[in-house]
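Here is my_file35.cif, consisting of mmCIF, C-alpha atoms:
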data_run
loop_
_atom_site.group_PDB
_atom_site.id
_atom_site.type_symbol
_atom_site.label_atom_id
_atom_site.label_comp_id
_atom_site.auth_asym_id
_atom_site.auth_seq_id
_atom_site.Cartn_x
_atom_site.Cartn_y
_atom_site.Cartn_z
ATOM 1 C CA MET A 1 51.117 -8.048 -6.805
ATOM 2 C CA ASN A 2 51.382 -7.954 -10.589
ATOM 3 C CA ARG A 3 53.661 -10.288 -12.491
ATOM 4 C CA ARG A 4 56.385 -7.733 -13.214
ATOM 5 C CA ARG A 5 56.831 -6.791 -9.571
ATOM 6 C CA PHE A 6 56.860 -10.414 -8.455
ATOM 7 C CA LEU A 7 59.405 -11.453 -11.075
ATOM 8 C CA THR A 8 61.604 -8.515 -10.130
ATOM 9 C CA ARG A 9 61.456 -9.392 -6.446
ATOM 10 C CA THR A 10 62.073 -13.104 -6.840
ATOM 11 C CA ALA A 11 63.800 -14.176 -10.043
ATOM 12 C CA LEU A 12 66.234 -11.266 -9.995
ATOM 13 C CA LEU A 13 66.915 -11.450 -6.279
ATOM 14 C CA GLY A 14 67.361 -15.205 -6.287
ATOM 15 C CA SER A 15 69.444 -15.617 -9.404
ATOM 16 C CA GLY A 16 72.952 -14.763 -8.163
ATOM 17 C CA LEU A 17 74.879 -14.701 -4.902
ATOM 18 C CA ALA A 18 76.072 -11.151 -5.459
ATOM 19 C CA ILE A 19 72.627 -9.743 -6.197
ATOM 20 C CA ARG A 20 71.436 -9.315 -2.645
ATOM 21 C CA THR A 21 69.720 -5.951 -2.315
ATOM 22 C CA ARG A 22 66.042 -5.906 -1.426
ATOM 23 C CA LEU A 23 63.632 -3.790 -3.423
ATOM 24 C CA PRO A 24 61.266 -1.403 -1.574
ATOM 25 C CA SER A 25 59.372 -2.958 1.312
ATOM 26 C CA THR A 26 56.007 -4.650 1.082
ATOM 27 C CA ALA A 27 52.810 -4.400 3.081
ATOM 28 C CA PRO A 28 50.493 -7.345 3.799
ATOM 29 C CA GLN A 29 47.296 -7.565 1.803
ATOM 30 C CA SER A 30 44.824 -10.369 1.236
ATOM 31 C CA HIS A 31 42.642 -9.751 -1.803
ATOM 32 C CA GLY A 32 41.393 -12.638 -3.882
ATOM 33 C CA ASP A 33 44.269 -14.537 -5.445
ATOM 34 C CA ASP A 34 46.840 -11.722 -5.335
ATOM 35 C CA PHE A 35 50.189 -11.774 -3.623
ATOM 36 C CA PRO A 36 50.748 -9.307 -0.793
ATOM 37 C CA ALA A 37 50.847 -5.949 -2.534
ATOM 38 C CA THR A 38 53.807 -3.612 -2.631
ATOM 39 C CA THR A 39 53.809 -0.497 -0.532
ATOM 40 C CA PRO A 40 53.524 2.597 -2.782
ATOM 41 C CA ASN A 41 56.984 4.106 -3.130
ATOM 42 C CA GLN A 42 56.879 7.850 -2.610
ATOM 43 C CA ASN A 43 59.961 8.157 -4.814
ATOM 44 C CA ASP A 44 58.411 6.455 -7.836
ATOM 45 C CA ALA A 45 57.119 9.717 -9.286
ATOM 46 C CA SER A 46 60.537 11.386 -9.272
ATOM 47 C CA PRO A 47 63.612 9.939 -10.997
ATOM 48 C CA GLU A 48 65.735 12.529 -9.176
ATOM 49 C CA VAL A 49 65.419 10.857 -5.761
ATOM 50 C CA THR A 50 67.775 8.042 -4.813
ATOM 51 C CA ALA A 51 65.896 5.027 -3.475
ATOM 52 C CA ASP A 52 67.191 2.981 -0.558
ATOM 53 C CA TYR A 53 67.872 -0.692 -1.199
ATOM 54 C CA PRO A 54 68.842 -2.427 2.057
ATOM 55 C CA PRO A 55 70.682 -5.714 1.465
ATOM 56 C CA ALA A 56 68.750 -8.928 1.903
ATOM 57 C CA PRO A 57 70.468 -11.507 4.156
ATOM 58 C CA LEU A 58 72.007 -14.307 2.142
ATOM 59 C CA ALA A 59 72.181 -17.002 4.851
ATOM 60 C CA PRO A 60 68.397 -17.627 5.024
ATOM 61 C CA ARG A 61 68.224 -18.059 1.262
ATOM 62 C CA LEU A 62 71.039 -20.600 1.303
ATOM 63 C CA VAL A 63 69.249 -22.446 4.110
ATOM 64 C CA VAL A 64 66.086 -22.682 1.998
ATOM 65 C CA SER A 65 68.115 -23.635 -1.074
ATOM 66 C CA ASP A 66 69.717 -26.513 0.852
ATOM 67 C CA ALA A 67 66.325 -27.480 2.280
ATOM 68 C CA LEU A 68 64.944 -27.769 -1.250
ATOM 69 C CA CYS A 69 67.745 -30.184 -2.157
ATOM 70 C CA LEU A 70 66.837 -32.460 0.749
ATOM 71 C CA ALA A 71 63.059 -32.196 0.410
ATOM 72 C CA ASN A 72 63.153 -32.973 -3.310
ATOM 73 C CA ALA A 73 65.038 -36.190 -2.551
ATOM 74 C CA MET A 74 62.170 -37.444 -0.352
ATOM 75 C CA PRO A 75 59.988 -39.986 -2.233
ATOM 76 C CA SER A 76 57.001 -39.078 -0.049
ATOM 77 C CA LEU A 77 56.807 -35.638 -1.696
ATOM 78 C CA PRO A 78 53.896 -35.456 -4.183
ATOM 79 C CA ALA A 79 55.233 -35.680 -7.726
ATOM 80 C CA GLN A 80 53.584 -32.478 -8.978
ATOM 81 C CA PHE A 81 54.763 -30.549 -5.945
ATOM 82 C CA ARG A 82 58.298 -31.903 -6.407
ATOM 83 C CA ASP A 83 58.270 -30.755 -10.033
ATOM 84 C CA VAL A 84 57.201 -27.247 -9.013
ATOM 85 C CA LEU A 85 59.986 -26.960 -6.431
ATOM 86 C CA ALA A 86 62.548 -28.248 -8.910
ATOM 87 C CA LEU A 87 61.517 -26.040 -11.838
ATOM 88 C CA ARG A 88 60.642 -22.876 -9.885
ATOM 89 C CA ARG A 89 63.145 -23.124 -7.048
ATOM 90 C CA GLU A 90 64.286 -19.494 -7.427
ATOM 91 C CA PHE A 91 60.834 -18.330 -6.337
ATOM 92 C CA ALA A 92 61.084 -20.437 -3.187
ATOM 93 C CA VAL A 93 64.670 -19.437 -2.378
ATOM 94 C CA ALA A 94 63.946 -15.710 -2.688
ATOM 95 C CA ALA A 95 60.457 -15.878 -1.184
ATOM 96 C CA ASP A 96 61.534 -13.585 1.653
ATOM 97 C CA ALA A 97 61.645 -10.737 -0.883
ATOM 98 C CA VAL A 98 57.868 -10.459 -0.431
ATOM 99 C CA THR A 99 56.589 -9.906 3.092
ATOM 100 C CA ALA A 100 53.534 -11.916 4.156
ATOM 101 C CA ALA A 101 52.058 -13.159 7.408
ATOM 102 C CA PRO A 102 51.843 -16.979 7.724
ATOM 103 C CA ASP A 103 48.038 -16.927 7.567
ATOM 104 C CA GLN A 104 48.171 -14.980 4.290
ATOM 105 C CA THR A 105 50.509 -17.588 2.833
ATOM 106 C CA LEU A 106 48.237 -20.384 4.054
ATOM 107 C CA ASP A 107 45.249 -18.643 2.451
ATOM 108 C CA LEU A 108 47.100 -18.602 -0.858
ATOM 109 C CA LEU A 109 48.140 -22.244 -0.499
ATOM 110 C CA THR A 110 44.531 -23.222 0.162
ATOM 111 C CA ARG A 111 43.332 -21.446 -2.991
ATOM 112 C CA LEU A 112 46.130 -22.998 -5.045
ATOM 113 C CA ARG A 113 45.288 -26.476 -3.818
ATOM 114 C CA THR A 114 41.584 -25.962 -4.526
ATOM 115 C CA GLY A 115 42.132 -24.680 -8.057
ATOM 116 C CA TRP A 116 45.110 -26.813 -9.039
ATOM 117 C CA ALA A 117 43.176 -29.459 -11.002
ATOM 118 C CA ASP A 118 41.613 -26.966 -13.421
ATOM 119 C CA ARG A 119 44.415 -24.386 -13.437
ATOM 120 C CA ASP A 120 44.963 -24.609 -17.187
ATOM 121 C CA GLN A 121 41.286 -23.996 -17.971
ATOM 122 C CA ARG A 122 41.071 -20.702 -16.058
ATOM 123 C CA SER A 123 40.261 -17.608 -18.048
ATOM 124 C CA VAL A 124 42.742 -14.762 -17.751
ATOM 125 C CA LYS A 125 39.946 -12.183 -17.730
ATOM 126 C CA THR A 126 37.867 -13.752 -14.995
ATOM 127 C CA HIS A 127 40.540 -15.058 -12.620
ATOM 128 C CA ARG A 128 43.524 -13.323 -11.110
ATOM 129 C CA ILE A 129 45.677 -16.456 -11.244
ATOM 130 C CA ARG A 130 46.297 -17.767 -14.751
ATOM 131 C CA GLY A 131 47.008 -21.439 -15.188
ATOM 132 C CA ASP A 132 50.686 -20.894 -15.945
ATOM 133 C CA MET A 133 51.133 -18.814 -12.764
ATOM 134 C CA PHE A 134 50.006 -21.481 -10.301
ATOM 135 C CA ALA A 135 53.465 -23.033 -10.177
ATOM 136 C CA PHE A 136 55.176 -19.686 -9.505
ATOM 137 C CA ARG A 137 52.837 -18.963 -6.622
ATOM 138 C CA LEU A 138 53.029 -22.473 -5.182
ATOM 139 C CA ALA A 139 56.845 -22.343 -5.141
ATOM 140 C CA TRP A 140 56.767 -18.904 -3.521
ATOM 141 C CA ALA A 141 54.276 -19.960 -0.831
ATOM 142 C CA ALA A 142 56.270 -23.087 0.030
ATOM 143 C CA GLY A 143 59.479 -21.074 0.227
ATOM 144 C CA ARG A 144 57.840 -18.336 2.291
ATOM 145 C CA LEU A 145 56.760 -20.874 4.930
ATOM 146 C CA ALA A 146 60.229 -22.464 4.879
ATOM 147 C CA HIS A 147 61.718 -19.025 5.573
ATOM 148 C CA ASP A 148 59.186 -18.469 8.367
ATOM 149 C CA ALA A 149 60.129 -21.804 9.954
ATOM 150 C CA ALA A 150 63.879 -21.193 9.743
ATOM 151 C CA GLN A 151 63.934 -17.576 10.923
ATOM 152 C CA PRO A 152 63.474 -18.209 14.682
ATOM 153 C CA VAL A 153 66.421 -20.630 14.597
ATOM 154 C CA LEU A 154 68.688 -18.373 12.555
ATOM 155 C CA GLY A 155 67.759 -15.214 14.442
ATOM 156 C CA THR A 156 68.311 -11.696 13.162
ATOM 157 C CA PRO A 157 71.805 -10.132 12.955
ATOM 158 C CA ALA A 158 72.285 -7.040 15.097
ATOM 159 C CA ASP A 159 73.464 -4.842 12.223
ATOM 160 C CA ALA A 160 74.721 -4.859 8.624
ATOM 161 C CA GLU A 161 78.235 -5.889 9.602
ATOM 162 C CA ALA A 162 76.967 -8.829 11.663
ATOM 163 C CA ARG A 163 74.821 -9.915 8.715
ATOM 164 C CA ARG A 164 77.793 -9.803 6.353
ATOM 165 C CA VAL A 165 79.957 -11.796 8.759
ATOM 166 C CA ARG A 166 77.263 -14.461 9.009
ATOM 167 C CA ASP A 167 76.799 -14.578 5.236
ATOM 168 C CA ALA A 168 80.566 -14.738 4.747
ATOM 169 C CA ARG A 169 80.817 -17.735 7.077
ATOM 170 C CA VAL A 170 78.234 -19.606 5.033
ATOM 171 C CA LEU A 171 79.954 -18.815 1.729
ATOM 172 C CA LEU A 172 83.341 -19.824 3.110
ATOM 173 C CA ALA A 173 81.901 -23.112 4.393
ATOM 174 C CA LEU A 174 80.335 -23.796 0.986
ATOM 175 C CA ARG A 175 83.624 -22.994 -0.708
ATOM 176 C CA ALA A 176 85.556 -25.317 1.603
ATOM 177 C CA ALA A 177 83.003 -28.109 1.071
ATOM 178 C CA ASN A 178 83.649 -28.269 -2.669
ATOM 179 C CA PRO A 179 85.466 -31.436 -3.752
ATOM 180 C CA GLY A 180 89.056 -31.214 -4.874
ATOM 181 C CA PRO A 181 92.104 -29.392 -3.532
ATOM 182 C CA PRO A 182 91.667 -26.477 -1.100
ATOM 183 C CA PRO A 183 90.791 -23.257 -2.934
ATOM 184 C CA PRO A 184 93.564 -20.671 -3.178
ATOM 185 C CA THR A 185 93.582 -17.619 -0.947
ATOM 186 C CA VAL A 186 92.045 -14.630 -2.699
ATOM 187 C CA GLU A 187 92.414 -11.044 -1.575
ATOM 188 C CA ALA A 188 89.340 -8.919 -0.963
ATOM 189 C CA ALA A 189 89.913 -6.834 -4.105
ATOM 190 C CA GLY A 190 89.953 -9.868 -6.380
ATOM 191 C CA LEU A 191 86.993 -11.475 -4.659
ATOM 192 C CA GLY A 192 85.025 -8.243 -4.887
ATOM 193 C CA ALA A 193 85.742 -8.067 -8.621
ATOM 194 C CA LEU A 194 84.459 -11.624 -9.003
ATOM 195 C CA LEU A 195 81.248 -10.898 -7.107
ATOM 196 C CA ARG A 196 80.690 -7.718 -9.118
ATOM 197 C CA ALA A 197 81.175 -9.658 -12.353
ATOM 198 C CA ILE A 198 78.573 -12.220 -11.248
ATOM 199 C CA ASP A 199 76.270 -9.341 -10.357
ATOM 200 C CA GLN A 200 76.710 -7.650 -13.728
ATOM 201 C CA ARG A 201 76.209 -10.810 -15.768
ATOM 202 C CA THR A 202 73.077 -11.685 -13.825
ATOM 203 C CA ALA A 203 71.653 -8.168 -14.029
ATOM 204 C CA MET A 204 72.221 -8.004 -17.794
ATOM 205 C CA ARG A 205 70.455 -11.332 -18.203
ATOM 206 C CA MET A 206 67.516 -10.535 -15.929
ATOM 207 C CA HIS A 207 66.717 -6.832 -16.045
ATOM 208 C CA THR A 208 64.887 -7.034 -19.377
ATOM 209 C CA PHE A 209 62.947 -10.166 -18.377
ATOM 210 C CA GLU A 210 59.827 -7.976 -18.347
ATOM 211 C CA PRO A 211 60.830 -4.288 -18.549
ATOM 212 C CA ASP A 212 58.538 -1.562 -17.265
ATOM 213 C CA ARG A 213 57.692 0.209 -20.512
ATOM 214 C CA GLU A 214 54.928 2.305 -18.953
ATOM 215 C CA ASP A 215 57.151 3.856 -16.268
ATOM 216 C CA ALA A 216 60.625 3.942 -17.812
ATOM 217 C CA ALA A 217 61.377 7.442 -16.483
ATOM 218 C CA SER A 218 61.188 6.109 -12.932
ATOM 219 C CA TRP A 219 62.263 2.515 -13.519
ATOM 220 C CA ILE A 220 65.603 3.290 -15.196
ATOM 221 C CA PRO A 221 67.114 5.468 -12.409
ATOM 222 C CA ARG A 222 65.820 3.056 -9.776
ATOM 223 C CA PHE A 223 67.554 0.192 -11.560
ATOM 224 C CA VAL A 224 70.768 2.243 -11.718
ATOM 225 C CA ASN A 225 70.543 2.864 -7.965
ATOM 226 C CA TYR A 226 69.910 -0.831 -7.406
ATOM 227 C CA HIS A 227 72.972 -1.694 -9.487
ATOM 228 C CA ARG A 228 75.183 0.739 -7.549
ATOM 229 C CA ALA A 229 73.958 -0.591 -4.208
ATOM 230 C CA SER A 230 74.580 -4.215 -5.231
ATOM 231 C CA ARG A 231 78.137 -3.421 -6.370
ATOM 232 C CA ALA A 232 78.897 -1.701 -3.070
ATOM 233 C CA GLU A 233 77.446 -4.671 -1.189
ATOM 234 C CA ALA A 234 79.575 -7.092 -3.227
ATOM 235 C CA ASP A 235 82.734 -5.242 -2.143
ATOM 236 C CA ALA A 236 81.609 -5.232 1.512
ATOM 237 C CA LEU A 237 80.831 -8.960 1.386
ATOM 238 C CA ALA A 238 84.204 -9.685 -0.216
ATOM 239 C CA GLN A 239 85.927 -7.816 2.611
ATOM 240 C CA ALA A 240 83.984 -9.837 5.176
ATOM 241 C CA MET A 241 84.912 -13.104 3.456
ATOM 242 C CA SER A 242 88.591 -12.116 3.555
ATOM 243 C CA SER A 243 88.622 -11.265 7.258
ATOM 244 C CA THR A 244 86.011 -13.522 8.884
ATOM 245 C CA ASP A 245 86.930 -16.527 11.012
ATOM 246 C CA PRO A 246 84.847 -19.745 11.035
ATOM 247 C CA ASP A 247 82.148 -20.047 13.704
ATOM 248 C CA SER A 248 81.063 -23.634 14.398
ATOM 249 C CA ALA A 249 78.186 -22.392 16.562
ATOM 250 C CA PHE A 250 76.606 -20.839 13.488
ATOM 251 C CA LEU A 251 77.735 -23.372 10.876
ATOM 252 C CA ALA A 252 79.776 -26.521 11.364
ATOM 253 C CA PRO A 253 80.734 -28.192 8.046
ATOM 254 C CA THR A 254 80.683 -31.582 9.790
ATOM 255 C CA ASP A 255 76.997 -31.318 10.743
ATOM 256 C CA PRO A 256 74.998 -34.178 9.155
ATOM 257 C CA ALA A 257 72.347 -31.914 7.598
ATOM 258 C CA PHE A 258 74.943 -29.659 5.986
ATOM 259 C CA ARG A 259 76.985 -32.577 4.626
ATOM 260 C CA LEU A 260 73.912 -34.348 3.253
ATOM 261 C CA ALA A 261 72.702 -31.177 1.539
ATOM 262 C CA ARG A 262 76.096 -30.870 -0.152
ATOM 263 C CA ALA A 263 75.815 -34.457 -1.389
ATOM 264 C CA ALA A 264 72.265 -33.915 -2.683
ATOM 265 C CA ARG A 265 73.309 -30.696 -4.428
ATOM 266 C CA ARG A 266 76.056 -32.609 -6.273
ATOM 267 C CA ALA A 267 73.469 -35.238 -7.332
ATOM 268 C CA HIS A 268 75.079 -37.943 -5.234
ATOM 269 C CA PRO A 269 72.771 -40.791 -4.163
ATOM 270 C CA VAL A 270 70.971 -39.800 -0.961
ATOM 271 C CA THR A 271 68.636 -42.300 0.659
ATOM 272 C CA PRO A 272 65.369 -41.309 2.354
ATOM 273 C CA ASN A 273 66.550 -42.928 5.578
ATOM 274 C CA ALA A 274 69.703 -40.806 5.548
ATOM 275 C CA ILE A 275 67.625 -37.665 5.063
ATOM 276 C CA THR A 276 65.260 -38.645 7.875
ATOM 277 C CA ASP A 277 68.213 -39.258 10.183
ATOM 278 C CA ALA A 278 69.781 -35.919 9.261
ATOM 279 C CA LEU A 279 66.544 -34.026 9.812
ATOM 280 C CA ASN A 280 66.057 -35.669 13.194
ATOM 281 C CA ALA A 281 69.676 -35.084 14.241
ATOM 282 C CA PRO A 282 70.899 -32.258 11.986
ATOM 283 C CA GLY A 283 73.772 -31.103 14.184
ATOM 284 C CA ASP A 284 74.218 -28.414 16.789
ATOM 285 C CA SER A 285 74.891 -25.354 14.628
ATOM 286 C CA ASP A 286 72.197 -22.765 13.930
ATOM 287 C CA TYR A 287 72.504 -23.332 10.184
ATOM 288 C CA ALA A 288 72.004 -27.094 10.421
ATOM 289 C CA ARG A 289 69.024 -26.791 12.752
ATOM 290 C CA ALA A 290 67.427 -24.115 10.544
ATOM 291 C CA LEU A 291 68.033 -26.303 7.489
ATOM 292 C CA ALA A 292 66.247 -29.203 9.174
ATOM 293 C CA VAL A 293 63.141 -27.217 10.149
ATOM 294 C CA ALA A 294 62.968 -25.609 6.686
ATOM 295 C CA ALA A 295 63.184 -29.000 4.949
ATOM 296 C CA ARG A 296 60.543 -30.462 7.248
ATOM 297 C CA MET A 297 58.283 -27.494 6.477
ATOM 298 C CA LEU A 298 58.646 -28.090 2.731
ATOM 299 C CA VAL A 299 57.692 -31.725 3.229
ATOM 300 C CA ASP A 300 54.689 -30.670 5.318
ATOM 301 C CA VAL A 301 53.579 -28.183 2.655
ATOM 302 C CA GLY A 302 53.718 -31.069 0.200
ATOM 303 C CA ARG A 303 51.507 -33.120 2.519
ATOM 304 C CA PHE A 304 49.071 -30.210 2.763
ATOM 305 C CA PHE A 305 49.062 -29.859 -1.017
ATOM 306 C CA ASP A 306 48.344 -33.598 -1.279
ATOM 307 C CA GLY A 307 45.518 -33.395 1.253
ATOM 308 C CA THR A 308 47.159 -35.574 3.929
ATOM 309 C CA LEU A 309 47.841 -32.699 6.356
ATOM 310 C CA THR A 310 45.270 -30.200 7.574
ATOM 311 C CA ARG A 311 45.732 -26.461 7.502
ATOM 312 C CA ALA A 312 45.551 -26.336 11.289
ATOM 313 C CA ALA A 313 48.334 -28.915 11.592
ATOM 314 C CA LEU A 314 50.485 -27.050 9.084
ATOM 315 C CA ARG A 315 49.908 -23.745 10.899
ATOM 316 C CA ALA A 316 50.869 -25.384 14.196
ATOM 317 C CA ARG A 317 54.306 -26.201 12.762
ATOM 318 C CA LEU A 318 55.088 -22.462 12.811
ATOM 319 C CA ASP A 319 54.097 -21.922 16.468
#
Structure encoded using structure tokens:
Amino acid sequence: MNRRRFLTRTALLGSGLAIRTRLPSTAPQSHGDDFPATTPNQNDASPEVTADYPPAPLAPRLVVSDALCLANAMPSLPAQFRDVLALRREFAVAADAVTAAPDQTLDLLTRLRTGWADRDQRSVKTHRIRGDMFAFRLAWAAGRLAHDAAQPVLGTPADAEARRVRDARVLLALRAANPGPPPPTVEAAGLGALLRAIDQRTAMRMHTFEPDREDAASWIPRFVNYHRASRAEADALAQAMSSTDPDSAFLAPTDPAFRLARAARRAHPVTPNAITDALNAPGDSDYARALAVAARMLVDVGRFFDGTLTRAALRARLD
């Protein structure tokens, strides 16, 4: 995958809560140092055809985001790996935007670990991974495995409405967990306007990050379609947030893993022992258990990167 496609799929998708539509699907590929390549889009040649942008579930990305907060607070994490996760976290959070089998991700991790020491001396013309791209790929690979670990616990919603209800429950729990007085009740119309405003501000900031100058005739209408789809999804999510009841089986705000992630996100002191306890007994909700396995996977990827965990052992964590 070239840099433009990867940045579009990760930085844009991971930069705002309201930007949640997934760009055209991907197909696995394992060539050299490349990411899994995108599937050719039959609509790319014609700006007249409306592309389909199915929404990407938000709950798994929030799980991985919380897992990053906990993993980065673990002193056992290798310093360079911690820096990558902290500085390139958006690539880990939105790693599910690129489809890859676990063995493909492990292949990439192995190549990154092998070439990490001399990454800045690599020639652009003779190597597919430039030195400055190692960190992007390492963050993506770690996030991709965290998503893979969490998915069996979270499960897959039956349909779009079930996905929105689940995402709404997470957002409502995050909103309620904020310090201070309870937030005021907001009607769906006002909440939808807020989400659309977040979407617009983020899109304006990100869409020219690396514009497609060679294929503007196709890229511009596809971006317009993406924008329309994301605005419609923001309204649908706002409606779900206004009519959804809490579900402690999916997310209980009192679960230790959820509460500790909130503390870490607000930069409150979090001890390694507290994190270990929370990961061992995260709580009974699906969200808390998925958060724990995702955080443990990030720690294990750090151990693999540091050479203290074998590839076979890391692969076994996903079975």
Using all atoms listed in the file, can you list as number ranges by chain the residues within 12 Å of (50.8, -29.7, 5.1)?
-> A: 77-78, 81, 106, 109-110, 113, 141-142, 145-146, 296-318
Residues matched by the PyMOL selection byres ((chain A and resi 256) around 12), written as a PyMOL selection string | chain A and resi 70+251-255+257-263+274-285+287-289+291-292
Enclose all atoms of region 162-172 of chain A listed in the file in an axis-aligned box, grow every side by 6 Å, and hand back centre and edge lengths in Å to one decimal, as JSON.
{"center_x": 79.1, "center_y": -14.3, "center_z": 6.7, "size_x": 20.5, "size_y": 23.0, "size_z": 21.9}
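As for CA of Pro269 (chain A) and CA of Ala73 (chain A), they are spaced 9.1 Å apart.
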So how far away is CA of Ala100 (chain A) from CA of Ala135 (chain A), in Å?
->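 A separation of 18.1 Å between them.
Checking A:Arg169, A:Arg89, A:Arg196, A:His147 one by one against Asp245 (chain A), counting all atoms listed in the file, you find the shortest gap at A:Arg169.
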Just add N, CA and C atoms to region 265-276 of chain A and send it as an mmCIF file, in the coordinates of the input.
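Output file rebuild-v1.cif is given in full below:
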data_model
loop_
_atom_site.group_PDB
_atom_site.id
_atom_site.type_symbol
_atom_site.label_atom_id
_atom_site.label_comp_id
_atom_site.auth_asym_id
_atom_site.auth_seq_id
_atom_site.Cartn_x
_atom_site.Cartn_y
_atom_site.Cartn_z
ATOM 1 N N ARG A 265 73.103 -31.752 -3.443
ATOM 2 C CA ARG A 265 73.309 -30.696 -4.428
ATOM 3 C C ARG A 265 74.223 -31.172 -5.558
ATOM 4 N N ARG A 266 75.154 -32.079 -5.243
ATOM 5 C CA ARG A 266 76.056 -32.609 -6.273
ATOM 6 C C ARG A 266 75.492 -33.855 -6.943
ATOM 7 N N ALA A 267 74.178 -34.116 -6.710
ATOM 8 C CA ALA A 267 73.469 -35.238 -7.332
ATOM 9 C C ALA A 267 74.050 -36.584 -6.928
ATOM 10 N N HIS A 268 74.644 -36.661 -5.738
ATOM 11 C CA HIS A 268 75.079 -37.943 -5.234
ATOM 12 C C HIS A 268 73.875 -38.700 -4.683
ATOM 13 N N PRO A 269 73.903 -40.026 -4.705
ATOM 14 C CA PRO A 269 72.771 -40.791 -4.163
ATOM 15 C C PRO A 269 72.556 -40.474 -2.678
ATOM 16 N N VAL A 270 71.334 -40.117 -2.342
ATOM 17 C CA VAL A 270 70.971 -39.800 -0.961
ATOM 18 C C VAL A 270 69.709 -40.588 -0.637
ATOM 19 N N THR A 271 69.774 -41.452 0.344
ATOM 20 C CA THR A 271 68.636 -42.300 0.659
ATOM 21 C C THR A 271 67.645 -41.564 1.557
ATOM 22 N N PRO A 272 66.364 -41.924 1.469
ATOM 23 C CA PRO A 272 65.369 -41.309 2.354
ATOM 24 C C PRO A 272 65.686 -41.512 3.833
ATOM 25 N N ASN A 273 66.211 -42.689 4.172
ATOM 26 C CA ASN A 273 66.550 -42.928 5.578
ATOM 27 C C ASN A 273 67.656 -41.992 6.050
ATOM 28 N N ALA A 274 68.628 -41.729 5.179
ATOM 29 C CA ALA A 274 69.703 -40.806 5.548
ATOM 30 C C ALA A 274 69.158 -39.400 5.755
ATOM 31 N N ILE A 275 68.219 -38.991 4.903
ATOM 32 C CA ILE A 275 67.625 -37.665 5.063
ATOM 33 C C ILE A 275 66.833 -37.595 6.356
ATOM 34 N N THR A 276 66.043 -38.620 6.634
ATOM 35 C CA THR A 276 65.260 -38.645 7.875
ATOM 36 C C THR A 276 66.174 -38.555 9.083
#
